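my_file_7.txt follows; it contains compact mmCIF, C-alpha atoms.
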```txt
# COMPACT_ATOMS: atom_id res chain seq x y z
CA MET A 174 -20.52 -8.70 42.28
CA VAL A 175 -18.99 -8.29 38.84
CA HIS A 176 -15.47 -8.87 37.65
CA VAL A 177 -13.90 -6.12 35.58
CA ARG A 178 -10.80 -6.67 33.47
CA LEU A 179 -8.31 -3.87 32.94
CA PHE A 180 -5.98 -3.40 30.00
CA GLY A 181 -3.00 -1.26 29.04
CA MET A 182 -2.28 1.86 31.06
CA LEU A 183 -5.39 1.40 33.23
CA LYS A 184 -3.54 -1.13 35.36
CA THR A 185 -1.15 1.61 36.45
CA LEU A 186 -4.11 3.51 37.95
CA VAL A 187 -5.13 0.65 40.24
CA ALA A 188 -1.84 -0.56 41.70
CA GLY A 189 -1.00 -2.88 38.83
CA VAL A 190 -3.95 -5.25 39.12
CA SER A 191 -5.62 -6.55 35.98
CA MET A 192 -8.98 -7.52 37.53
CA LEU A 193 -11.29 -5.70 39.92
CA GLU A 194 -14.25 -7.10 41.84
CA ILE A 195 -17.01 -4.54 42.14
CA PRO A 196 -20.14 -5.13 44.21
CA LEU A 197 -23.29 -4.09 42.32
CA SER A 198 -26.95 -4.48 43.15
CA ASP A 199 -29.43 -6.40 41.00
CA GLY A 200 -30.53 -4.52 37.92
CA ALA A 201 -27.35 -2.49 37.78
CA GLN A 202 -26.30 -0.84 34.54
CA VAL A 203 -22.93 0.21 33.15
CA LYS A 204 -23.44 3.74 34.51
CA ASP A 205 -23.76 2.29 38.04
CA LEU A 206 -20.49 0.46 37.56
CA VAL A 207 -18.85 3.69 36.36
CA ASN A 208 -20.14 5.56 39.43
CA SER A 209 -18.84 2.86 41.72
CA LEU A 210 -15.44 2.86 40.02
CA HIS A 211 -15.31 6.65 40.20
CA THR A 212 -15.83 6.53 43.95
CA GLN A 213 -13.12 3.93 44.53
CA TYR A 214 -10.66 4.95 41.83
CA PRO A 215 -11.16 8.65 40.98
CA ASP A 216 -8.49 8.78 38.24
CA LEU A 217 -9.97 5.77 36.48
CA GLY A 218 -13.47 7.17 36.98
CA GLU A 219 -12.53 10.47 35.34
CA LEU A 220 -11.30 8.69 32.21
CA LEU A 221 -14.59 6.78 32.05
CA LEU A 222 -16.69 9.92 32.54
CA GLN A 223 -14.70 11.68 29.82
CA LYS A 224 -15.31 8.64 27.56
CA LYS A 225 -11.58 8.24 27.01
CA VAL A 226 -12.01 4.72 28.32
CA VAL A 227 -14.89 2.58 27.11
CA VAL A 228 -16.63 -0.31 28.82
CA SER A 229 -17.13 -3.58 26.98
CA VAL A 230 -19.63 -6.23 28.01
CA ASN A 231 -19.23 -9.71 26.57
CA GLN A 232 -16.66 -8.38 24.12
CA GLU A 233 -18.86 -5.65 22.65
CA VAL A 234 -18.64 -1.94 23.42
CA ALA A 235 -21.46 -1.16 25.85
CA HIS A 236 -23.67 1.88 26.45
CA TRP A 237 -24.23 3.42 29.85
CA GLU A 238 -27.69 1.90 29.98
CA THR A 239 -26.46 -1.63 29.22
CA ALA A 240 -27.74 -3.94 31.97
CA LEU A 241 -25.19 -6.06 33.82
CA VAL A 242 -25.40 -9.52 35.33
CA GLU A 243 -22.78 -11.29 37.42
CA SER A 244 -21.75 -13.66 34.65
CA ASP A 245 -20.99 -10.86 32.15
CA GLU A 246 -17.46 -10.50 30.86
CA ILE A 247 -16.75 -6.84 31.57
CA ALA A 248 -13.63 -4.96 30.54
CA LEU A 249 -12.36 -1.40 30.56
CA LEU A 250 -10.65 -0.47 27.33
CA PRO A 251 -8.26 2.50 27.08
CA PRO A 252 -7.62 4.05 23.63
CA PHE A 253 -6.42 1.37 21.23
CA ALA A 254 -2.89 1.44 19.86
CA GLY A 255 -2.64 -1.48 17.50
CA GLY A 256 -1.02 -1.29 14.09
CA ALA A 257 2.42 0.23 13.74
CA MET T 134 -14.19 -27.96 7.83
CA ALA T 135 -11.08 -27.48 5.73
CA VAL T 136 -12.50 -24.22 4.42
CA GLU T 137 -13.23 -23.00 7.96
CA THR T 138 -9.69 -23.77 9.03
CA GLU T 139 -8.28 -21.91 6.07
CA GLU T 140 -10.52 -18.94 6.80
CA GLY T 141 -9.31 -19.02 10.40
CA MET T 142 -5.76 -18.69 9.11
CA LEU T 143 -6.76 -15.50 7.30
CA VAL T 144 -7.51 -13.70 10.58
CA ARG T 145 -4.98 -14.22 13.36
CA VAL T 146 -3.60 -12.65 16.50
CA GLN T 147 -0.38 -14.44 17.33
CA GLN T 148 2.82 -14.04 19.29
CA GLU T 149 5.22 -15.56 16.80
CA ASN T 150 6.57 -13.80 13.74
CA PHE T 151 5.05 -14.50 10.33
CA SER T 152 6.46 -15.10 6.88
CA ILE T 153 5.27 -12.48 4.40
CA ASP T 154 5.89 -14.91 1.52
CA GLN T 155 3.75 -17.60 3.15
CA GLU T 156 0.92 -15.20 3.91
CA LEU T 157 1.05 -13.76 0.39
CA GLU T 158 0.84 -17.26 -1.02
CA ARG T 159 -2.09 -18.03 1.29
CA VAL T 160 -4.06 -15.15 -0.25
CA ARG T 161 -2.92 -15.81 -3.81
CA ALA T 162 -3.97 -19.47 -3.54
CA ARG T 163 -7.55 -18.52 -2.68
CA SER T 164 -8.51 -17.72 -6.29
CA THR T 165 -7.07 -17.64 -9.77
CA ARG T 166 -9.25 -14.58 -10.42
CA ILE T 167 -6.88 -12.50 -8.31
CA GLY T 168 -4.97 -10.09 -10.53
CA GLY T 169 -3.78 -7.52 -8.02
CA ILE T 170 -2.52 -7.85 -4.47
CA ALA T 171 -2.00 -4.91 -2.10
CA MET T 172 -0.18 -5.28 1.19
CA PHE T 173 0.43 -3.21 4.29
CA LEU T 174 3.18 -4.32 6.64
CA GLY T 175 3.63 -2.46 9.90
CA THR T 176 7.02 -2.80 11.59
CA ALA T 177 8.50 -1.70 14.90
CA ARG T 178 10.35 1.62 14.62
CA ASP T 179 13.00 2.95 16.99
CA HIS T 180 11.58 6.44 17.41
CA SER T 181 8.20 7.68 18.56
CA LYS T 182 6.88 11.14 19.47
CA GLY T 183 10.36 12.59 19.86
CA HIS T 184 11.93 9.83 21.92
CA ASP T 185 14.01 6.75 21.19
CA VAL T 186 12.35 3.37 21.52
CA SER T 187 14.42 0.29 22.33
CA SER T 188 11.62 -2.32 22.01
CA MET T 189 7.91 -2.71 22.62
CA THR T 190 5.22 -5.05 23.85
CA PHE T 191 1.70 -5.44 22.52
CA GLU T 192 -1.13 -6.49 24.80
CA HIS T 193 -4.43 -7.67 23.35
CA TYR T 194 -7.86 -8.58 24.66
CA GLU T 195 -7.97 -12.30 23.85
CA GLY T 196 -11.18 -13.17 22.06
CA MET T 197 -12.37 -9.63 21.39
CA ALA T 198 -9.29 -8.76 19.32
CA GLN T 199 -9.82 -11.83 17.12
CA LYS T 200 -13.51 -11.01 16.84
CA LYS T 201 -12.80 -7.47 15.65
CA LEU T 202 -10.22 -8.60 13.07
CA LYS T 203 -12.78 -11.11 11.76
CA GLU T 204 -15.34 -8.32 11.50
CA ILE T 205 -12.84 -6.19 9.57
CA ARG T 206 -12.18 -8.98 7.09
CA GLU T 207 -15.88 -9.69 6.60
CA ARG T 208 -16.75 -6.01 6.12
CA ALA T 209 -13.89 -5.55 3.66
CA LEU T 210 -15.12 -8.53 1.62
CA GLN T 211 -18.64 -7.12 1.68
CA ASP T 212 -17.93 -3.43 1.04
CA PHE T 213 -15.10 -3.56 -1.51
CA ASP T 214 -14.79 -5.33 -4.84
CA ILE T 215 -12.11 -7.71 -3.61
CA ILE T 216 -11.64 -11.47 -3.55
CA GLU T 217 -9.74 -12.14 -0.34
CA ALA T 218 -8.42 -10.35 2.72
CA LEU T 219 -5.90 -11.42 5.33
CA VAL T 220 -5.55 -9.56 8.63
CA LEU T 221 -2.84 -10.53 11.09
CA HIS T 222 -1.48 -8.85 14.23
CA ARG T 223 1.23 -9.94 16.67
CA TYR T 224 1.25 -9.55 20.44
CA GLY T 225 3.88 -9.89 23.13
CA PRO T 226 7.44 -8.52 23.02
CA ILE T 227 8.62 -7.21 19.65
CA GLU T 228 12.10 -5.98 18.80
CA ILE T 229 12.87 -2.95 16.64
CA GLY T 230 12.54 -3.77 12.95
CA GLU T 231 10.31 -6.79 13.49
CA ASN T 232 6.91 -7.32 11.89
CA ILE T 233 3.85 -6.19 13.84
CA VAL T 234 0.82 -6.20 11.56
CA LEU T 235 0.05 -7.47 8.08
CA ILE T 236 -2.88 -6.76 5.77
CA ILE T 237 -3.02 -8.46 2.38
CA ILE T 238 -5.84 -7.88 -0.08
CA GLY T 239 -6.39 -9.88 -3.25
CA ALA T 240 -8.62 -8.36 -5.92
CA GLU T 241 -9.15 -8.53 -9.66
CA HIS T 242 -7.77 -5.01 -10.04
CA ARG T 243 -5.39 -2.76 -8.11
CA ALA T 244 -7.70 0.13 -7.26
CA ASP T 245 -10.00 -1.92 -5.04
CA ALA T 246 -7.06 -3.76 -3.50
CA PHE T 247 -5.40 -0.47 -2.47
CA LYS T 248 -8.64 1.03 -1.13
CA ALA T 249 -9.55 -2.04 0.91
CA CYS T 250 -6.02 -2.34 2.28
CA GLN T 251 -6.02 1.24 3.56
CA TRP T 252 -9.49 0.83 5.03
CA CYS T 253 -8.52 -2.36 6.85
CA ILE T 254 -5.50 -0.90 8.62
CA ASP T 255 -7.37 2.30 9.50
CA GLU T 256 -10.29 0.29 10.88
CA LEU T 257 -7.97 -2.06 12.76
CA LYS T 258 -6.49 0.91 14.60
CA LYS T 259 -9.96 2.20 15.45
CA ILE T 260 -11.78 -0.88 16.69
CA THR T 261 -9.29 -3.57 17.71
CA PRO T 262 -8.47 -3.86 21.43
CA ILE T 263 -4.70 -3.93 21.19
CA TRP T 264 -2.35 -1.74 23.23
CA LYS T 265 1.33 -0.92 22.88
CA MET T 266 3.94 -0.31 25.54
CA GLU T 267 7.16 1.28 24.33
CA TYR T 268 10.42 0.95 26.24
CA THR T 269 12.35 4.23 26.13
CA PRO T 270 15.38 5.71 27.96
CA GLN T 271 12.86 7.82 29.93
CA GLY T 272 10.90 4.77 31.05
CA ASP T 273 8.08 2.53 29.88
CA VAL T 274 5.25 4.31 28.09
CA TRP T 275 1.78 3.07 27.19
CA VAL T 276 1.10 4.57 23.79
CA GLU T 277 -2.26 6.29 23.78
CA GLU T 278 -3.14 7.02 20.20
CA HIS T 279 -1.75 6.93 16.73
CA PRO T 280 -2.66 9.10 13.77
```
Would you give me this structure, written as structure tokens?
Amino acid sequence: MVHVRLFGMLKTLVAGVSMLEIPLSDGAQVKDLVNSLHTQYPDLGELLLQKKVVVSVNQEVAHWETALVESDEIALLPPFAGGA
Amino acid sequence: MAVETEEGMLVRVQQENFSIDQELERVRARSTRIGGIAMFLGTARDHSKGHDVSSMTFEHYEGMAQKKLKEIRERALQDFDIIEALVLHRYGPIEIGENIVLIIIGAEHRADAFKACQWCIDELKKITPIWKMEYTPQGDVWVEEHP
């Protein structure tokens, strides 16, 4: 099981929640998480597959092959809009 | 320890407003070699992509946002001929006309100060996990991207 934080507009795609719990098997990678999310939340999954939303692991942008463990800090990051 | 604290003050994500004079002085006080200071101040405007905006809220990823601003400062100090860089961004509710983001670069000469200042704000927009919600007459809108 991993915990996934959501930011910005992504919360509107999953009924306003800011954290998801996703069951994953041992040895899972980011791409497995994306597949799981795509199954449960198709709109969110599409944005991930199109790379409009990136996955961060322990506060660094991750690749699809990045391995995941339960204690990782995982977040889904929509396009940034800082500045003015 | 005192130096670390001062360096921490040069990269901040904070809810409260900031004083431009105080931040300018913070950079100026870092070295008497500074001969040129360039600044970018981003403020909240009342119009965006063809619609009126009444106010806005910034959300940030606590920890990662600070980390990215620190990276920006360190890369600016390494890649440009400058003496000091300050990078500051606010989060939470912000009213029209208020300060949002501040970049201040101290250098010996103006050319490097200008170049580094532009690079810092461009890089901030690219790599810093901060998001903006605008409140408009048509409803609340998460802003997706800025030029």
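Our summary of the geometry notes that atom CA of A:Gly256 is positioned 5.8 Å from atom CA of T:Val234.
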At a cut-off of 9 Å, can you tabulate as a Markdown table every residue of stretch 171-249 of chain T near stretch 177-186 of chain A together with its closest atom pair and the distance in Å to one decimal, using only C-alpha atoms and ordering rows by chain then number?
```
| residue | atom | partner | partner_atom | distance |
| --- | --- | --- | --- | --- |
| T:Glu192 | CA | A:Gly181 | CA | 7.0 |
| T:His193 | CA | A:Phe180 | CA | 8.1 |
| T:Tyr194 | CA | A:Phe180 | CA | 7.7 |
```
Notebook entry, point to check: Counting only C-alpha atoms, which residues of chain T come no farther than 8 Å from chain A, as a list in words?
Noted result: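 Every residue of chain T that passes the 8 Å test is in Gly175, Thr176, Ala177, Phe191, Glu192, Tyr194, Gly196, Met197, His222, Ile233, Val234, Ile254, Leu257, Lys258, Lys259, Ile260, Thr261, Pro262, Ile263, Trp264, Lys265, Met266, Trp275, Val276, Glu277, Glu278 and His279 of chain T.
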Item checked: Point-to-point distance in Å for atom CA of T:Ile167 and atom CA of T:Thr138 ->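 One can read the atom CA of T:Thr138 to atom CA of T:Ile167 distance as 20.9 Å.
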Next item on the list: Kindly indicate which residue among T:Gly168, T:Pro270, T:Glu228, T:Phe173 lies nearest to T:Asp255, using only C-alpha atoms for the distances.
Entry: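 Going through T:Gly168, T:Pro270, T:Glu228, T:Phe173 one by one, the smallest distance to T:Asp255 is for T:Phe173.
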Next item on the list: Figure out the distance between atom CA of T:Ala240 and atom CA of T:Phe213, please, to one decimal in Å.
Entry: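 Answer for the atom CA of T:Phe213 to atom CA of T:Ala240 separation: 9.2 Å.
Proximity ranking of T:Gln155, T:Val146, T:Gly225, T:Gln271 relative to T:Thr190 places T:Gly225 first, based on only C-alpha atoms.
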Item checked: Who sits within 12 Å of stretch 202-215 of chain A, only C-alpha atoms, same chain under 2 positions skipped, as a VMD selection string -> chain A and resid 174 to 177 183 to 188 193 to 200 217 to 224 226 to 230 234 to 243 245 247 to 249
Could you give me the axis-aligned bounding box of stretch 180-197 of chain A, with 8 Å of padding per side, as centre plus edge lengths in Å to one decimal, as AutoDock Vina command-line options?
```
--center_x -12.1 --center_y -2.0 --center_z 36.6 --size_x 38.3 --size_y 27.0 --size_z 31.2
```
Fewer than 6 positions away in the same chain doesn't count, so skip those; otherwise give me all residues within 12 Å of T:Asp214, counting only C-alpha atoms, as an mmCIF file with C-alpha atoms, in the coordinates of the input.
```cif
data_model
loop_
_atom_site.group_PDB
_atom_site.id
_atom_site.type_symbol
_atom_site.label_atom_id
_atom_site.label_comp_id
_atom_site.auth_asym_id
_atom_site.auth_seq_id
_atom_site.Cartn_x
_atom_site.Cartn_y
_atom_site.Cartn_z
ATOM 1 C CA ILE T 167 -6.880 -12.500 -8.310
ATOM 2 C CA GLY T 169 -3.780 -7.520 -8.020
ATOM 3 C CA ARG T 208 -16.750 -6.010 6.120
ATOM 4 C CA ILE T 238 -5.840 -7.880 -0.080
ATOM 5 C CA GLY T 239 -6.390 -9.880 -3.250
ATOM 6 C CA ALA T 240 -8.620 -8.360 -5.920
ATOM 7 C CA GLU T 241 -9.150 -8.530 -9.660
ATOM 8 C CA HIS T 242 -7.770 -5.010 -10.040
ATOM 9 C CA ARG T 243 -5.390 -2.760 -8.110
ATOM 10 C CA ALA T 244 -7.700 0.130 -7.260
ATOM 11 C CA ASP T 245 -10.000 -1.920 -5.040
ATOM 12 C CA ALA T 246 -7.060 -3.760 -3.500
ATOM 13 C CA PHE T 247 -5.400 -0.470 -2.470
ATOM 14 C CA LYS T 248 -8.640 1.030 -1.130
ATOM 15 C CA ALA T 249 -9.550 -2.040 0.910
ATOM 16 C CA CYS T 250 -6.020 -2.340 2.280
#
```
Margin query: I'd like the contact shell of T:Asp273 - 10 Å cut-off, all atoms listed in the file, skipping same-chain residues fewer than 4 positions apart - returned as a list in words.
Written below: Val186, Ser188, Met189, Met266, Glu267, Tyr268 and Thr269 of chain T
